[in-house]
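Reviewing the structure listed below.
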Amino acid sequence: MNYRHAFHAGNHADVFKHLVLARILTLLTRKEAPYAYLDSHAGVGLYDLTASQATRTGEWQQGIGRIWDAPERPALLNEYLDCIQALNTPEQLRYYPGSPELARYLSRPQDRLYLNEKHPEDGALLKENMRQDERVAVHRGEGWHLPRALLPVAEKRVLLLIDPPFEQADELTRCVQALNEAIARVRQSLVVIWYPIKAEAQLKRFYQDLGQSTAPKLLRAELWIHPTDNAERLNGSGLIISNPPWGLEEELAELLPWLATQLAQSQGGWRLDWLIEESKPQTSPNSPARKPRTSQGIKR
Ligand SMILES: C[S@@+](CC[C@H](N)C(=O)[O-])C[C@H]1O[C@@H](n2cnc3c(N)ncnc32)[C@H](O)[C@@H]1O
């Protein structure tokens with residue numbers, strides 16, 4: 001296990017993932033019923049952007065750095081930015097929340113968080129960072145086992161984030177397996193899978209496998225900052241979302257063009273479409289399928 005998220009915290013992929021996560025959590029809190037938030041590959045939860053790992057790459061400056069400095073920011077960013085603001089002084093952007101801290105900040109007293117991090121040092125840091133919150137349980141085992149180890153939980157609503165480091169060749173396949181396991185245990189599980197986009201051709205099999213998964217509904221949202229044809233670098237990232245909350249698709253349709261414009265480093269872009277669309281009774285045999293939405297290419 002060589003990957004340490006501290007080198008990448010706050011980069012373009014983190015901003016995209018965390019902003020969408022913040023929207024999902026915000027939409028979930030519109031109903032009183034509690035939810036369980038599960039994070040199979042949680043990282044340490046909180047990052048210091050002035051520490052040596054973050055300064056060595058400086059990736060955050062092209063991610064949250066750009067968003068923080070943007071003159072006008074859509075209101076849909078409010079909850080995400082509130083969380084960051086609560087960690088920092090007005091003078092300096094120093095601390096950046098990982099997915100566990102963001103989920104902790106946006107959750108209510110009735111919600112529960114189940115976090116898992118396998119790296120020995122990062123697992124210990126995560127435990128330390130979360131120690132004062134009784135709603136949080138930290139596990140330090142195998143992330144791929146989380147759905148079968150924990151589901152079903154007492155809470156009827158489940159949000160599972162699967163965010164592995166992609167150090168191993170089989171991790172896309174394992175994401176689909178974990179999705180299917182979660183759906184088999186709790187049919188309405190809201191599962192979010194993050195994946196890197198280098199060359200789009202590398203993802204063909206992943207998309208096919210997802211299309212054949214047992215999820216009732218699967219939304220795909222992607223954001224790239226360079227053209228997606230270079231297997232040597234991280235050009236963008238994607239999120240697969242099963243059973244997205246009502247309203248999320250429209251919110252992402254508003255957010256993605258803005259984000260792509262802010263974060264593009266050469267030719268950026270975005271895509272939003274359904275890999276599995278809910279089967280509806282057909283009103284007319286000629287009623288058109290919902291069209292995928294995508295950018296025409298955004299230059300910076
Ligand atoms: C991309 S980072 C997670 C970032 C975090 N979800 C966030 O958004 O702030 C992936 C994490 O998975 C951990 N990890 C790697 N292999 C794992 C495994 N098999 N089970 C659980 N965690 C693992 C790594 O140590 C790393 O902290």
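Residues are referred to by chain and number: the chain letter is A, B, ... according to the order shown in the structure tokens, the number counts from 1 in that chain, and ligands are numbered separately from 1 in the order shown.
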
Asn78 in chain A surroundings by only C-alpha atoms, 10 Å radius, close-in-sequence under 5 positions cut, as a PDB file with N, CA, C and O atoms, in the first residue's frame:
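Resulting contents of result_14.pdb:
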```pdb
ATOM      1  N   LEU A  19     -17.642  17.719  -3.795  1.00  0.00           N
ATOM      2  CA  LEU A  19     -18.781  18.587  -4.077  1.00  0.00           C
ATOM      3  C   LEU A  19     -20.031  17.749  -4.360  1.00  0.00           C
ATOM      4  O   LEU A  19     -21.123  18.042  -3.837  1.00  0.00           O
ATOM      5  N   ALA A  22     -21.202  16.290  -1.136  1.00  0.00           N
ATOM      6  CA  ALA A  22     -21.900  17.308  -0.321  1.00  0.00           C
ATOM      7  C   ALA A  22     -23.327  17.510  -0.820  1.00  0.00           C
ATOM      8  O   ALA A  22     -24.257  17.666  -0.028  1.00  0.00           O
ATOM      9  N   ARG A  23     -23.519  17.493  -2.138  1.00  0.00           N
ATOM     10  CA  ARG A  23     -24.888  17.645  -2.680  1.00  0.00           C
ATOM     11  C   ARG A  23     -25.741  16.444  -2.265  1.00  0.00           C
ATOM     12  O   ARG A  23     -26.895  16.592  -1.891  1.00  0.00           O
ATOM     13  N   ARG A  73     -19.495  32.073  -7.050  1.00  0.00           N
ATOM     14  CA  ARG A  73     -19.647  30.618  -6.932  1.00  0.00           C
ATOM     15  C   ARG A  73     -21.122  30.279  -6.797  1.00  0.00           C
ATOM     16  O   ARG A  73     -21.832  30.925  -6.010  1.00  0.00           O
ATOM     17  N   CYS A  83     -18.226  23.781   5.017  1.00  0.00           N
ATOM     18  CA  CYS A  83     -17.413  22.799   5.740  1.00  0.00           C
ATOM     19  C   CYS A  83     -15.943  23.240   5.729  1.00  0.00           C
ATOM     20  O   CYS A  83     -15.263  23.195   6.754  1.00  0.00           O
ATOM     21  N   ILE A  84     -15.464  23.690   4.577  1.00  0.00           N
ATOM     22  CA  ILE A  84     -14.056  24.115   4.487  1.00  0.00           C
ATOM     23  C   ILE A  84     -13.836  25.377   5.328  1.00  0.00           C
ATOM     24  O   ILE A  84     -12.839  25.490   6.056  1.00  0.00           O
TER      25      ILE A  84
END
```

Spatial neighbours of Asp133 in chain A, max dist 12 Å, only C-alpha atoms, sep filter under 6 positions, as a VMD selection string: chain A and resid 100 to 101 103 to 105 107 to 109 111 to 114 126 to 127

Keeping only all heavy atoms, take the residues you just selected and write them out as a CSV table (one decimal), in the first residue's frame.
```
chain,number,residue,atom,x,y,z
A,100,PRO,N,-14.5,11.7,5.0
A,100,PRO,CA,-15.1,11.5,6.3
A,100,PRO,C,-15.5,12.8,7.1
A,100,PRO,O,-16.5,12.8,7.7
A,100,PRO,CB,-14.0,10.7,7.1
A,100,PRO,CG,-13.1,10.1,6.0
A,100,PRO,CD,-13.2,11.1,4.9
A,101,GLU,N,-14.6,13.8,7.0
A,101,GLU,CA,-14.9,15.0,7.7
A,101,GLU,C,-16.1,15.7,7.0
A,101,GLU,O,-16.9,16.3,7.7
A,101,GLU,CB,-13.6,15.9,7.7
A,101,GLU,CG,-13.8,17.3,8.3
A,101,GLU,CD,-14.3,17.2,9.8
A,101,GLU,OE1,-14.1,16.1,10.5
A,101,GLU,OE2,-14.9,18.2,10.3
A,103,ALA,N,-18.6,14.3,5.4
A,103,ALA,CA,-19.8,13.6,5.8
A,103,ALA,C,-20.1,13.9,7.3
A,103,ALA,O,-21.3,14.0,7.6
A,103,ALA,CB,-19.6,12.1,5.6
A,104,ARG,N,-19.1,14.0,8.1
A,104,ARG,CA,-19.4,14.2,9.6
A,104,ARG,C,-20.0,15.6,9.7
A,104,ARG,O,-21.0,15.8,10.5
A,104,ARG,CB,-18.0,14.2,10.3
A,104,ARG,CG,-18.1,13.8,11.7
A,104,ARG,CD,-16.7,13.8,12.3
A,104,ARG,NE,-16.1,15.1,12.4
A,104,ARG,CZ,-16.4,16.0,13.3
A,104,ARG,NH1,-17.3,15.8,14.2
A,104,ARG,NH2,-15.9,17.2,13.2
A,105,TYR,N,-19.4,16.6,9.0
A,105,TYR,CA,-19.9,18.0,9.1
A,105,TYR,C,-21.4,18.1,8.7
A,105,TYR,O,-22.2,18.8,9.2
A,105,TYR,CB,-19.0,18.9,8.3
A,105,TYR,CG,-19.4,20.3,8.3
A,105,TYR,CD1,-19.0,21.1,9.4
A,105,TYR,CD2,-20.2,20.9,7.3
A,105,TYR,CE1,-19.4,22.5,9.5
A,105,TYR,CE2,-20.6,22.2,7.4
A,105,TYR,CZ,-20.2,23.0,8.4
A,105,TYR,OH,-20.5,24.3,8.5
A,107,SER,N,-23.7,15.7,8.5
A,107,SER,CA,-24.7,14.7,9.0
A,107,SER,C,-25.3,15.3,10.3
A,107,SER,O,-24.8,16.2,10.9
A,107,SER,CB,-24.0,13.4,9.3
A,107,SER,OG,-23.5,12.9,8.1
A,108,ARG,N,-26.4,14.7,10.7
A,108,ARG,CA,-27.2,15.2,11.8
A,108,ARG,C,-27.1,14.2,13.0
A,108,ARG,O,-26.5,13.1,12.8
A,108,ARG,CB,-28.7,15.3,11.4
A,108,ARG,CG,-28.9,16.1,10.2
A,108,ARG,CD,-30.1,15.8,9.4
A,108,ARG,NE,-30.1,14.3,9.1
A,108,ARG,CZ,-31.2,13.7,8.5
A,108,ARG,NH1,-32.3,14.3,8.3
A,108,ARG,NH2,-31.1,12.4,8.2
A,109,PRO,N,-27.6,14.6,14.2
A,109,PRO,CA,-27.4,13.7,15.3
A,109,PRO,C,-28.0,12.3,15.1
A,109,PRO,O,-27.4,11.3,15.6
A,109,PRO,CB,-28.2,14.4,16.4
A,109,PRO,CG,-28.2,15.8,16.0
A,109,PRO,CD,-28.2,15.9,14.5
A,111,ASP,N,-27.9,10.5,12.4
A,111,ASP,CA,-27.2,9.7,11.3
A,111,ASP,C,-26.0,9.0,11.9
A,111,ASP,O,-25.5,9.4,13.0
A,111,ASP,CB,-26.7,10.7,10.2
A,111,ASP,CG,-27.9,11.4,9.6
A,111,ASP,OD1,-29.0,10.8,9.4
A,111,ASP,OD2,-27.8,12.6,9.3
A,112,ARG,N,-25.5,8.0,11.2
A,112,ARG,CA,-24.3,7.2,11.7
A,112,ARG,C,-23.3,7.2,10.6
A,112,ARG,O,-23.6,7.1,9.4
A,112,ARG,CB,-24.7,5.8,12.1
A,112,ARG,CG,-25.6,5.7,13.3
A,112,ARG,CD,-24.8,5.9,14.6
A,112,ARG,NE,-25.7,6.1,15.7
A,112,ARG,CZ,-26.2,7.3,16.1
A,112,ARG,NH1,-26.0,8.4,15.5
A,112,ARG,NH2,-27.0,7.3,17.2
A,113,LEU,N,-22.0,7.2,11.0
A,113,LEU,CA,-20.9,7.1,10.0
A,113,LEU,C,-20.0,5.9,10.3
A,113,LEU,O,-19.6,5.7,11.4
A,113,LEU,CB,-20.1,8.3,10.0
A,113,LEU,CG,-20.8,9.6,9.6
A,113,LEU,CD1,-21.4,10.3,10.8
A,113,LEU,CD2,-19.8,10.6,8.9
A,114,TYR,N,-19.8,5.0,9.3
A,114,TYR,CA,-19.0,3.9,9.4
A,114,TYR,C,-17.8,4.1,8.4
A,114,TYR,O,-18.0,4.0,7.2
A,114,TYR,CB,-19.7,2.6,9.0
A,114,TYR,CG,-21.0,2.4,9.8
A,114,TYR,CD1,-22.2,3.0,9.5
A,114,TYR,CD2,-21.0,1.6,10.9
A,114,TYR,CE1,-23.4,2.8,10.2
A,114,TYR,CE2,-22.2,1.4,11.7
A,114,TYR,CZ,-23.3,2.0,11.3
A,114,TYR,OH,-24.5,1.8,12.0
A,126,LEU,N,-7.0,8.6,11.1
A,126,LEU,CA,-8.4,8.8,11.0
A,126,LEU,C,-9.1,8.6,12.3
A,126,LEU,O,-10.0,9.4,12.7
A,126,LEU,CB,-9.0,7.7,10.0
A,126,LEU,CG,-10.5,7.7,9.7
A,126,LEU,CD1,-10.9,9.0,9.0
A,126,LEU,CD2,-10.9,6.5,8.9
A,127,LYS,N,-8.7,7.6,13.0
A,127,LYS,CA,-9.3,7.3,14.4
A,127,LYS,C,-9.1,8.6,15.3
A,127,LYS,O,-10.1,9.0,15.9
A,127,LYS,CB,-8.7,6.1,15.0
A,127,LYS,CG,-9.6,5.3,15.9
A,127,LYS,CD,-9.0,4.0,16.3
A,127,LYS,CE,-9.8,3.3,17.3
A,127,LYS,NZ,-11.1,2.9,16.9
```

Tell me, counting only C-alpha atoms, for each residue of range 156-233 of chain A within 10 Å of range 140-146 of chain A, which pair of atoms is nearest and how far apart they are in Å to one decimal, in rows ordered by chain and increasing number, as JSON lines.
```
{"residue": "A:Leu160", "atom": "CA", "partner": "A:Leu146", "partner_atom": "CA", "distance": 9.3}
{"residue": "A:Ile162", "atom": "CA", "partner": "A:Gly143", "partner_atom": "CA", "distance": 8.4}
{"residue": "A:Asp163", "atom": "CA", "partner": "A:Gly143", "partner_atom": "CA", "distance": 9.4}
{"residue": "A:Pro164", "atom": "CA", "partner": "A:Gly143", "partner_atom": "CA", "distance": 8.3}
{"residue": "A:Glu171", "atom": "CA", "partner": "A:Trp144", "partner_atom": "CA", "distance": 9.6}
{"residue": "A:Arg174", "atom": "CA", "partner": "A:Trp144", "partner_atom": "CA", "distance": 7.4}
{"residue": "A:Cys175", "atom": "CA", "partner": "A:Trp144", "partner_atom": "CA", "distance": 8.1}
{"residue": "A:Gln177", "atom": "CA", "partner": "A:Trp144", "partner_atom": "CA", "distance": 8.9}
{"residue": "A:Ala178", "atom": "CA", "partner": "A:Trp144", "partner_atom": "CA", "distance": 6.6}
{"residue": "A:Glu181", "atom": "CA", "partner": "A:His145", "partner_atom": "CA", "distance": 9.5}
{"residue": "A:Ala182", "atom": "CA", "partner": "A:Leu146", "partner_atom": "CA", "distance": 8.9}
```

Contacts of ligand 1, 9 Å or closer, only C-alpha atoms and all ligand atoms, given as a VMD selection string: chain A and resid 1 to 6 8 to 10 14 17 to 18 39 to 47 97 to 102 116 to 123 140 to 146 161 to 167 194

Residue neighbourhood range 233-246 of chain A, 8 Å, only C-alpha atoms, exclusion window fewer than 6 positions, as a PyMOL selection string: chain A and resi 12-13+17+24+27-28+188-199+215-227

Put those residues in a file: C-alpha atoms, as a PDB file, in the first residue's frame.
```pdb
ATOM      1  CA  HIS A  12      -9.489  18.650  -9.143  1.00  0.00           C
ATOM      2  CA  ALA A  13     -10.678  15.078  -8.578  1.00  0.00           C
ATOM      3  CA  LYS A  17     -15.966  14.047  -5.675  1.00  0.00           C
ATOM      4  CA  ILE A  24     -25.957  14.042  -2.005  1.00  0.00           C
ATOM      5  CA  LEU A  27     -30.393  16.139  -0.398  1.00  0.00           C
ATOM      6  CA  LEU A  28     -30.518  13.193   2.023  1.00  0.00           C
ATOM      7  CA  GLN A 188     -32.013   1.078  -2.476  1.00  0.00           C
ATOM      8  CA  SER A 189     -28.346   1.610  -1.448  1.00  0.00           C
ATOM      9  CA  LEU A 190     -26.973   4.847  -2.731  1.00  0.00           C
ATOM     10  CA  VAL A 191     -23.494   3.776  -3.841  1.00  0.00           C
ATOM     11  CA  VAL A 192     -20.955   6.283  -5.139  1.00  0.00           C
ATOM     12  CA  ILE A 193     -17.910   4.915  -6.979  1.00  0.00           C
ATOM     13  CA  TRP A 194     -15.036   7.265  -7.804  1.00  0.00           C
ATOM     14  CA  TYR A 195     -12.736   6.320 -10.707  1.00  0.00           C
ATOM     15  CA  PRO A 196      -9.824   7.969 -12.509  1.00  0.00           C
ATOM     16  CA  ILE A 197     -10.004   8.952 -16.171  1.00  0.00           C
ATOM     17  CA  LYS A 198      -6.722   8.737 -18.055  1.00  0.00           C
ATOM     18  CA  ALA A 199      -7.554   7.341 -21.507  1.00  0.00           C
ATOM     19  CA  ALA A 215     -28.467  -1.640  -9.514  1.00  0.00           C
ATOM     20  CA  PRO A 216     -31.977  -0.334 -10.268  1.00  0.00           C
ATOM     21  CA  LYS A 217     -30.580   3.023 -11.476  1.00  0.00           C
ATOM     22  CA  LEU A 218     -27.047   4.189 -12.281  1.00  0.00           C
ATOM     23  CA  LEU A 219     -26.071   7.767 -13.060  1.00  0.00           C
ATOM     24  CA  ARG A 220     -22.632   8.593 -14.541  1.00  0.00           C
ATOM     25  CA  ALA A 221     -21.040  12.011 -13.985  1.00  0.00           C
ATOM     26  CA  GLU A 222     -17.593  12.820 -15.378  1.00  0.00           C
ATOM     27  CA  LEU A 223     -15.341  15.848 -15.339  1.00  0.00           C
ATOM     28  CA  TRP A 224     -12.052  16.228 -17.165  1.00  0.00           C
ATOM     29  CA  ILE A 225      -9.421  18.961 -17.215  1.00  0.00           C
ATOM     30  CA  HIS A 226      -7.407  17.671 -20.204  1.00  0.00           C
ATOM     31  CA  PRO A 227      -8.481  15.590 -23.218  1.00  0.00           C
TER      32      PRO A 227
END
```

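Each of A:Ile67, A:Ala154, A:Leu252, A:Ala137 was compared to Leu21 in chain A using only C-alpha atoms, and A:Leu252 turns out to be the nearest.
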
One-decimal distance in Å that lies between CA of Ala253 in chain A and CA of Leu272 in chain A: 7.1 Å

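Counting from CA of Val153 in chain A, the distance to CA of Arg30 in chain A is 20.5 Å.
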
Test item, strand (DSSP E or B) assignment across range 122-229 of chain A, answer as a PyMOL selection string: chain A and resi 136-139+157-162+190-197+199+218-224+229

Shell of 8 Å around Gln62 in chain A, only C-alpha atoms, local chain residues under 4 positions omitted, as a PDB file with N, CA and C atoms, in the first residue's frame:
```
ATOM      1  N   ASN A  11      -7.220  18.267  -4.824  1.00  0.00           N
ATOM      2  CA  ASN A  11      -6.979  18.429  -6.271  1.00  0.00           C
ATOM      3  C   ASN A  11      -8.308  18.422  -7.040  1.00  0.00           C
ATOM      4  N   HIS A  12      -8.242  18.530  -8.365  1.00  0.00           N
ATOM      5  CA  HIS A  12      -9.489  18.650  -9.143  1.00  0.00           C
ATOM      6  C   HIS A  12     -10.422  17.471  -8.911  1.00  0.00           C
ATOM      7  N   GLY A  58       1.659  20.256  -4.784  1.00  0.00           N
ATOM      8  CA  GLY A  58       0.924  21.509  -5.044  1.00  0.00           C
ATOM      9  C   GLY A  58      -0.371  21.283  -5.817  1.00  0.00           C
ATOM     10  N   ARG A  66      -8.354  27.072  -6.879  1.00  0.00           N
ATOM     11  CA  ARG A  66      -9.077  27.830  -7.918  1.00  0.00           C
ATOM     12  C   ARG A  66     -10.520  28.125  -7.498  1.00  0.00           C
ATOM     13  N   LEU A 263     -11.967  24.455 -13.600  1.00  0.00           N
ATOM     14  CA  LEU A 263     -10.847  23.542 -13.316  1.00  0.00           C
ATOM     15  C   LEU A 263     -10.039  23.137 -14.553  1.00  0.00           C
TER      16      LEU A 263
END
```
